[in-house]
Structures are given as structure tokens and as C-alpha cells.
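K.L.:
Dropping a structure here in C-alpha cells format, bear with me for questions.
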Amino acid sequence: MMQYQDRLVDVGEGVHLSVRHYTQPSGEGRPTLILLHEALGCIAMWKRFPEQIAEVTGLNVLVYERRGYGASSPITLPRPDDYLLEEGQLWLPRLLDKLGLQDVVLFGHSDGGSIALIGAASCPQQVKAIVTLAAHIYADHLTLAGIEEAAERYKTTNLAEKLARYHGERTDLIFRAWSETWLRPSCNQGLNLRPQLAQIQCPSLIMQGDRDEYGVPEQVTDCCAGIGEHARGYFVPDCGHVPHLEKPDAVLEQTQAFLQDVLEPAAG
């Protein structure tokens with residue numbers, strides 16, 4: 001029987017991260033799957049996906065909110081250009097160590113996918129596999145055009161109201177932390193995760209919707225080439241930027257097959 005527990009985890013320097021941990025008997029003694037949310041995400045915005053992926057993989061699942069999101073410690077603006085590196089190289093490893101997680105699978109969407117790549121490079125002993133959805137290893141023309149369009153909609157439509165249902169009084173700060181940072185030339189021109197890709201040693205499933213409005217197909221193919229032979233790419237058919245909500249069955253099927261392939265031989 002699956003159950004979950006919410007808690008705040010002290011990761012040092014006055015920072016507390018909001019964590020939801022789904023556990024089930026089949027997850028005992030196996031890696032924990034860590035869900036890493038998008039740039040405008042939080043625990044609630046995963047909707048039913050944490051339970052769904054726990055069910056199909058049989059793994060325990062941990063979802064957490066990065067600094068500035070949900071119930072986690074706040075952030076201030078301006079956000080540094082290298083905030084993705086900081087999340088993957090500092091705060092994620094601290095959280096894993098604080099929780100005593102020695103074997104994990106990182107599953108990240110968008111910003112969270114990029115952080116999963118960085119985390120795999122930073123914690124090679126702990127990370128047994130990664131799955132990314134719509135990760136960015138650089139900023140391409142679709143990335144910047146999509147963010148510019150979203151920034152305009154934030155001003156002229158009810159987008160802010162929709163986001164406020166999840167983020168409350170933090171809505172404006174979270175949106176600005178995303179849009180203003182990515183649209184800053186020093187950030188988007190400086191983003192390059194190829195050095196991290198070369199350090200990734202674990203099996204990697206790199207996925208993206210075939211109609212992703214925030215990333216070119218080369219985000220997948222270049223990522224796989226940078227990681228090497230233990231990476232595989234997959235384009236989710238007829239799908240945009242949020243595959244786990246737009247096409248959950250395809251994402252779950254690919255993830256289940258991938259993890260069964262890469263984890264079960266090790267377990268045997």
C-alpha cells in the first residue's frame with residue numbers, strides 16, 4: 001500500500017526544502033526516484049504523476065520543491081546566471097546526503113531535467129540512472145521565443161491568475177526568476193551543459209515532445225551525443241513541452257521499460 005509523508009528538510013545555510021516522500025513495500029532496498037520540477041513548478045503541479053510513476057516502476061518516489069518554490073525557503077532577485085549549476089551541484093547533493101539516499105534515479109522536467117543532468121555529473125556514485133523531459137543543455141531560438149511569448153501573456157492574459165492557484169504570493173517572484181533570468185543575455189548565452197554531459201556515467205533516457213515549443217530536437221540528439229553510448233533518446237509523439245501531463249501513458253511506458261532494463265540486471 002502506497003503512502004506519503006510531507007516534511008521540511010534542513011539542508012544547511014538556513015535553507016529548508018519541502019519534500020513529499022511516497023513509499024511502498026516494493027520500493028524497499030531499491031533506488032529512490034527523485035522528481036525535479038520545471039521552472040514554474042511545485043509539488044502540486046505534478047498532479048497525479050508521482051503516484052503513477054511509483055505504481056508502474058515499483059520504486060519509492062521523492063518530490064521536492066527547490067528554493068523559492070512552495071513551502072521551501074525563499075529566494076531573492078536577481079537570480080544568478082548559473083542557478084541551474086548551483087541547484088545540481090550544491091543543493092541536490094545536500095538533500096540526498098541529508099536524507100541518506102545512496103541510490104537514486106533522477107527524473108526531471110525542463111529546468112528539472114537540466115538539473116538532473118548536472119546532478120548525475122555531480123553525484124556519480126549515488127545516481128544510478130536519469131530520465132529527462134524537455135531538458136535544456138543550451139538556450140536555442142525556440143527557448144527564447146517561447147519565454148518571450150510567455151512573458152507577454154503574463155502581462156496581457158490571466159496566466160498570472162492561473163499560476164497563483166499554485167504559487168500564491170510567490171507567483172510574481174517565481175515568474176520573474178524564470179523569465180528575467182533566461183532572457184538576460186549573460187544567462188542564455190552562457191548556458192552550456194556539455195562539460196557536465198561528458199561526466200555522466202549512468203544510463204540516461206532523454207525525452208522531449210516532438211512539438212516542444214521551448215526546445216529544438218537537437219536538445220535531445222546533442223544531449224545523447226554528449227553523454228555517449230549509455231544514453232538513448234525518445235521523442236514523444238504529438239506532444240508539446242509537458243509530456244508527463246500531455247502524454248502520461250507514453251512517458252510512463254518508456255520510463256518503466258528503461259528502468260526495468262537498467263535496474264533489474266543490477267538487482268539480479
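Letters A, B, ... mark the chains of the C-alpha cells in the order given; residue numbers begin at 1 per chain; ligand numbers begin at 1, in order shown.
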Enumerate, as number ranges by chain, the complete set of residues in stretch 39-93 of chain A that a backbone-based DSSP assignment places in alpha helix (DSSP H).
P.N.:
A: 49-57, 83-86, 92-93
K.L.:
Write to file, as a PDB file, in the first residue's frame, the residues of the selection just made, with N, CA, C and O atoms.
P.N.:
```pdb
ATOM      1  N   PHE A  49       1.060  12.463 -11.322  1.00  0.00           N
ATOM      2  CA  PHE A  49       2.201  11.765 -11.899  1.00  0.00           C
ATOM      3  C   PHE A  49       3.081  11.065 -10.865  1.00  0.00           C
ATOM      4  O   PHE A  49       3.553   9.952 -11.139  1.00  0.00           O
ATOM      5  N   PRO A  50       3.349  11.636  -9.691  1.00  0.00           N
ATOM      6  CA  PRO A  50       4.182  10.901  -8.722  1.00  0.00           C
ATOM      7  C   PRO A  50       3.603   9.536  -8.358  1.00  0.00           C
ATOM      8  O   PRO A  50       4.344   8.542  -8.298  1.00  0.00           O
ATOM      9  N   GLU A  51       2.291   9.472  -8.117  1.00  0.00           N
ATOM     10  CA  GLU A  51       1.669   8.184  -7.808  1.00  0.00           C
ATOM     11  C   GLU A  51       1.729   7.246  -9.012  1.00  0.00           C
ATOM     12  O   GLU A  51       1.987   6.049  -8.876  1.00  0.00           O
ATOM     13  N   GLN A  52       1.513   7.799 -10.207  1.00  0.00           N
ATOM     14  CA  GLN A  52       1.519   6.969 -11.412  1.00  0.00           C
ATOM     15  C   GLN A  52       2.884   6.346 -11.661  1.00  0.00           C
ATOM     16  O   GLN A  52       2.986   5.150 -11.961  1.00  0.00           O
ATOM     17  N   ILE A  53       3.931   7.132 -11.532  1.00  0.00           N
ATOM     18  CA  ILE A  53       5.261   6.588 -11.819  1.00  0.00           C
ATOM     19  C   ILE A  53       5.705   5.638 -10.705  1.00  0.00           C
ATOM     20  O   ILE A  53       6.427   4.669 -10.960  1.00  0.00           O
ATOM     21  N   ALA A  54       5.265   5.895  -9.488  1.00  0.00           N
ATOM     22  CA  ALA A  54       5.554   4.945  -8.404  1.00  0.00           C
ATOM     23  C   ALA A  54       4.883   3.604  -8.681  1.00  0.00           C
ATOM     24  O   ALA A  54       5.477   2.538  -8.469  1.00  0.00           O
ATOM     25  N   GLU A  55       3.657   3.654  -9.174  1.00  0.00           N
ATOM     26  CA  GLU A  55       2.919   2.423  -9.447  1.00  0.00           C
ATOM     27  C   GLU A  55       3.565   1.595 -10.549  1.00  0.00           C
ATOM     28  O   GLU A  55       3.718   0.383 -10.416  1.00  0.00           O
ATOM     29  N   VAL A  56       3.975   2.240 -11.651  1.00  0.00           N
ATOM     30  CA  VAL A  56       4.484   1.469 -12.783  1.00  0.00           C
ATOM     31  C   VAL A  56       5.920   0.994 -12.571  1.00  0.00           C
ATOM     32  O   VAL A  56       6.320  -0.037 -13.112  1.00  0.00           O
ATOM     33  N   THR A  57       6.700   1.721 -11.775  1.00  0.00           N
ATOM     34  CA  THR A  57       8.097   1.324 -11.556  1.00  0.00           C
ATOM     35  C   THR A  57       8.286   0.498 -10.289  1.00  0.00           C
ATOM     36  O   THR A  57       9.282  -0.219 -10.158  1.00  0.00           O
ATOM     37  N   TYR A  83      22.299  29.513 -11.870  1.00  0.00           N
ATOM     38  CA  TYR A  83      21.462  28.921 -10.825  1.00  0.00           C
ATOM     39  C   TYR A  83      21.212  27.433 -11.055  1.00  0.00           C
ATOM     40  O   TYR A  83      21.064  26.667 -10.090  1.00  0.00           O
ATOM     41  N   LEU A  84      21.166  26.979 -12.305  1.00  0.00           N
ATOM     42  CA  LEU A  84      20.969  25.553 -12.563  1.00  0.00           C
ATOM     43  C   LEU A  84      22.143  24.741 -12.029  1.00  0.00           C
ATOM     44  O   LEU A  84      21.952  23.671 -11.424  1.00  0.00           O
ATOM     45  N   LEU A  85      23.353  25.231 -12.251  1.00  0.00           N
ATOM     46  CA  LEU A  85      24.537  24.544 -11.727  1.00  0.00           C
ATOM     47  C   LEU A  85      24.509  24.502 -10.204  1.00  0.00           C
ATOM     48  O   LEU A  85      24.832  23.473  -9.590  1.00  0.00           O
ATOM     49  N   GLU A  86      24.110  25.605  -9.589  1.00  0.00           N
ATOM     50  CA  GLU A  86      24.042  25.639  -8.127  1.00  0.00           C
ATOM     51  C   GLU A  86      23.052  24.609  -7.594  1.00  0.00           C
ATOM     52  O   GLU A  86      23.318  23.919  -6.608  1.00  0.00           O
ATOM     53  N   LEU A  92      20.975  19.838  -4.520  1.00  0.00           N
ATOM     54  CA  LEU A  92      20.532  18.451  -4.709  1.00  0.00           C
ATOM     55  C   LEU A  92      21.436  17.467  -3.969  1.00  0.00           C
ATOM     56  O   LEU A  92      20.934  16.614  -3.223  1.00  0.00           O
ATOM     57  N   PRO A  93      22.763  17.542  -4.115  1.00  0.00           N
ATOM     58  CA  PRO A  93      23.613  16.620  -3.343  1.00  0.00           C
ATOM     59  C   PRO A  93      23.420  16.758  -1.838  1.00  0.00           C
ATOM     60  O   PRO A  93      23.442  15.757  -1.112  1.00  0.00           O
TER      61      PRO A  93
END
```
K.L.:
Produce a table with one row for each residue of stretch 216-238 of chain A that has an atom at most 9 Å from any atom of stretch 121-137 of chain A, each row naming the nearest atom pair and its distance in Å at one decimal; use only C-alpha atoms; arrange rows by chain and rising residue number; format as a Markdown table.
P.N.:
```
| residue | atom | partner | partner_atom | distance |
| --- | --- | --- | --- | --- |
| A:Gln219 | CA | A:His136 | CA | 6.2 |
| A:Val220 | CA | A:Ala135 | CA | 8.0 |
| A:Asp222 | CA | A:Ile137 | CA | 8.4 |
| A:Cys223 | CA | A:Ile137 | CA | 6.9 |
```
K.L.:
Create the file for the chosen residues now, containing N, CA, C and O atoms and written as a PDB file, in the first residue's frame.
P.N.:
```pdb
ATOM      1  N   GLN A 219      18.173  19.419 -28.907  1.00  0.00           N
ATOM      2  CA  GLN A 219      18.378  19.320 -27.454  1.00  0.00           C
ATOM      3  C   GLN A 219      18.508  17.854 -27.039  1.00  0.00           C
ATOM      4  O   GLN A 219      19.289  17.516 -26.144  1.00  0.00           O
ATOM      5  N   VAL A 220      17.748  16.972 -27.693  1.00  0.00           N
ATOM      6  CA  VAL A 220      17.815  15.534 -27.397  1.00  0.00           C
ATOM      7  C   VAL A 220      19.032  14.890 -28.044  1.00  0.00           C
ATOM      8  O   VAL A 220      19.806  14.183 -27.391  1.00  0.00           O
ATOM      9  N   ASP A 222      21.796  16.197 -29.334  1.00  0.00           N
ATOM     10  CA  ASP A 222      23.081  16.701 -28.836  1.00  0.00           C
ATOM     11  C   ASP A 222      23.349  16.206 -27.415  1.00  0.00           C
ATOM     12  O   ASP A 222      24.503  15.928 -27.058  1.00  0.00           O
ATOM     13  N   CYS A 223      22.295  16.114 -26.610  1.00  0.00           N
ATOM     14  CA  CYS A 223      22.457  15.620 -25.247  1.00  0.00           C
ATOM     15  C   CYS A 223      22.924  14.165 -25.261  1.00  0.00           C
ATOM     16  O   CYS A 223      23.866  13.791 -24.555  1.00  0.00           O
TER      17      CYS A 223
END
```
K.L.:
So how many Å separate atom CA of A:Gln256 and atom CA of A:Asp6, to one decimal?
P.N.:
25.3 Å
K.L.:
Would you mind reading off the distance between atom CA of A:Arg48 and atom CA of A:Gln3, one decimal, in Å?
P.N.:
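Atom CA of A:Gln3 lies 13.5 Å from atom CA of A:Arg48.
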K.L.:
Rounded to one decimal in Å, what is the spacing between atom CA of A:Leu263 and atom CA of A:Pro31?
P.N.:
8.7 Å
K.L.:
Using only C-alpha atoms for the distances, tell me which of A:Gly119, A:Gly100, A:Pro203, A:Gly112 is nearest to A:Thr32.
P.N.:
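For A:Thr32, the nearest of the candidates is A:Gly100.
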K.L.:
I'd like to know which of A:Leu35, A:Cys239, A:Ala177, A:Leu96 is closest to A:Pro80, using only C-alpha atoms.
P.N.:
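Closest to A:Pro80, using only C-alpha atoms: A:Ala177.
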K.L.:
Give me the stretch 167-244 of chain A side of the contact with stretch 71-76 of chain A, cut-off 10 Å, one line per residue showing its nearest atom pair and distance in Å at one decimal, counting only C-alpha atoms, sorted by chain and residue number, as a Markdown table.
P.N.:
```
| residue | atom | partner | partner_atom | distance |
| --- | --- | --- | --- | --- |
| A:His167 | CA | A:Ala71 | CA | 9.6 |
| A:Arg170 | CA | A:Pro74 | CA | 8.8 |
| A:Leu173 | CA | A:Thr76 | CA | 8.0 |
| A:Ile174 | CA | A:Ile75 | CA | 9.0 |
| A:Ala177 | CA | A:Thr76 | CA | 8.5 |
```
K.L.:
Taking the DSSP assignment computed from this structure's backbone, write out as a count of residues only all residues of stretch 25-250 of chain A that belong to strand (DSSP E).
P.N.:
35
K.L.:
Might you pull out every residue within 9 Å of A:Val63, with only C-alpha atoms counted and same-chain residues fewer than 2 positions away left off, and present them as a PyMOL selection string?
P.N.:
chain A and resi 18-22+33-37+42-43+46+50+61+65
K.L.:
With C-alpha atoms retained, could you export that selection as a compact mmCIF listing (two decimals), in the first residue's frame?
P.N.:
```txt
# COMPACT_ATOMS: atom_id res chain seq x y z
CA SER A 18 9.80 20.99 1.11
CA VAL A 19 9.73 17.24 0.42
CA ARG A 20 6.98 14.71 -0.26
CA HIS A 21 8.08 11.08 0.00
CA TYR A 22 5.94 8.28 -1.48
CA LEU A 33 13.16 8.05 -7.83
CA ILE A 34 13.60 11.82 -7.39
CA LEU A 35 11.24 14.13 -9.29
CA LEU A 36 12.71 17.53 -10.24
CA HIS A 37 10.14 20.12 -11.26
CA CYS A 42 5.95 22.82 -7.45
CA ILE A 43 4.80 19.56 -5.86
CA TRP A 46 3.00 17.25 -10.84
CA PRO A 50 4.18 10.90 -8.72
CA VAL A 61 9.32 8.41 -5.16
CA GLU A 65 10.43 21.94 -4.17
```
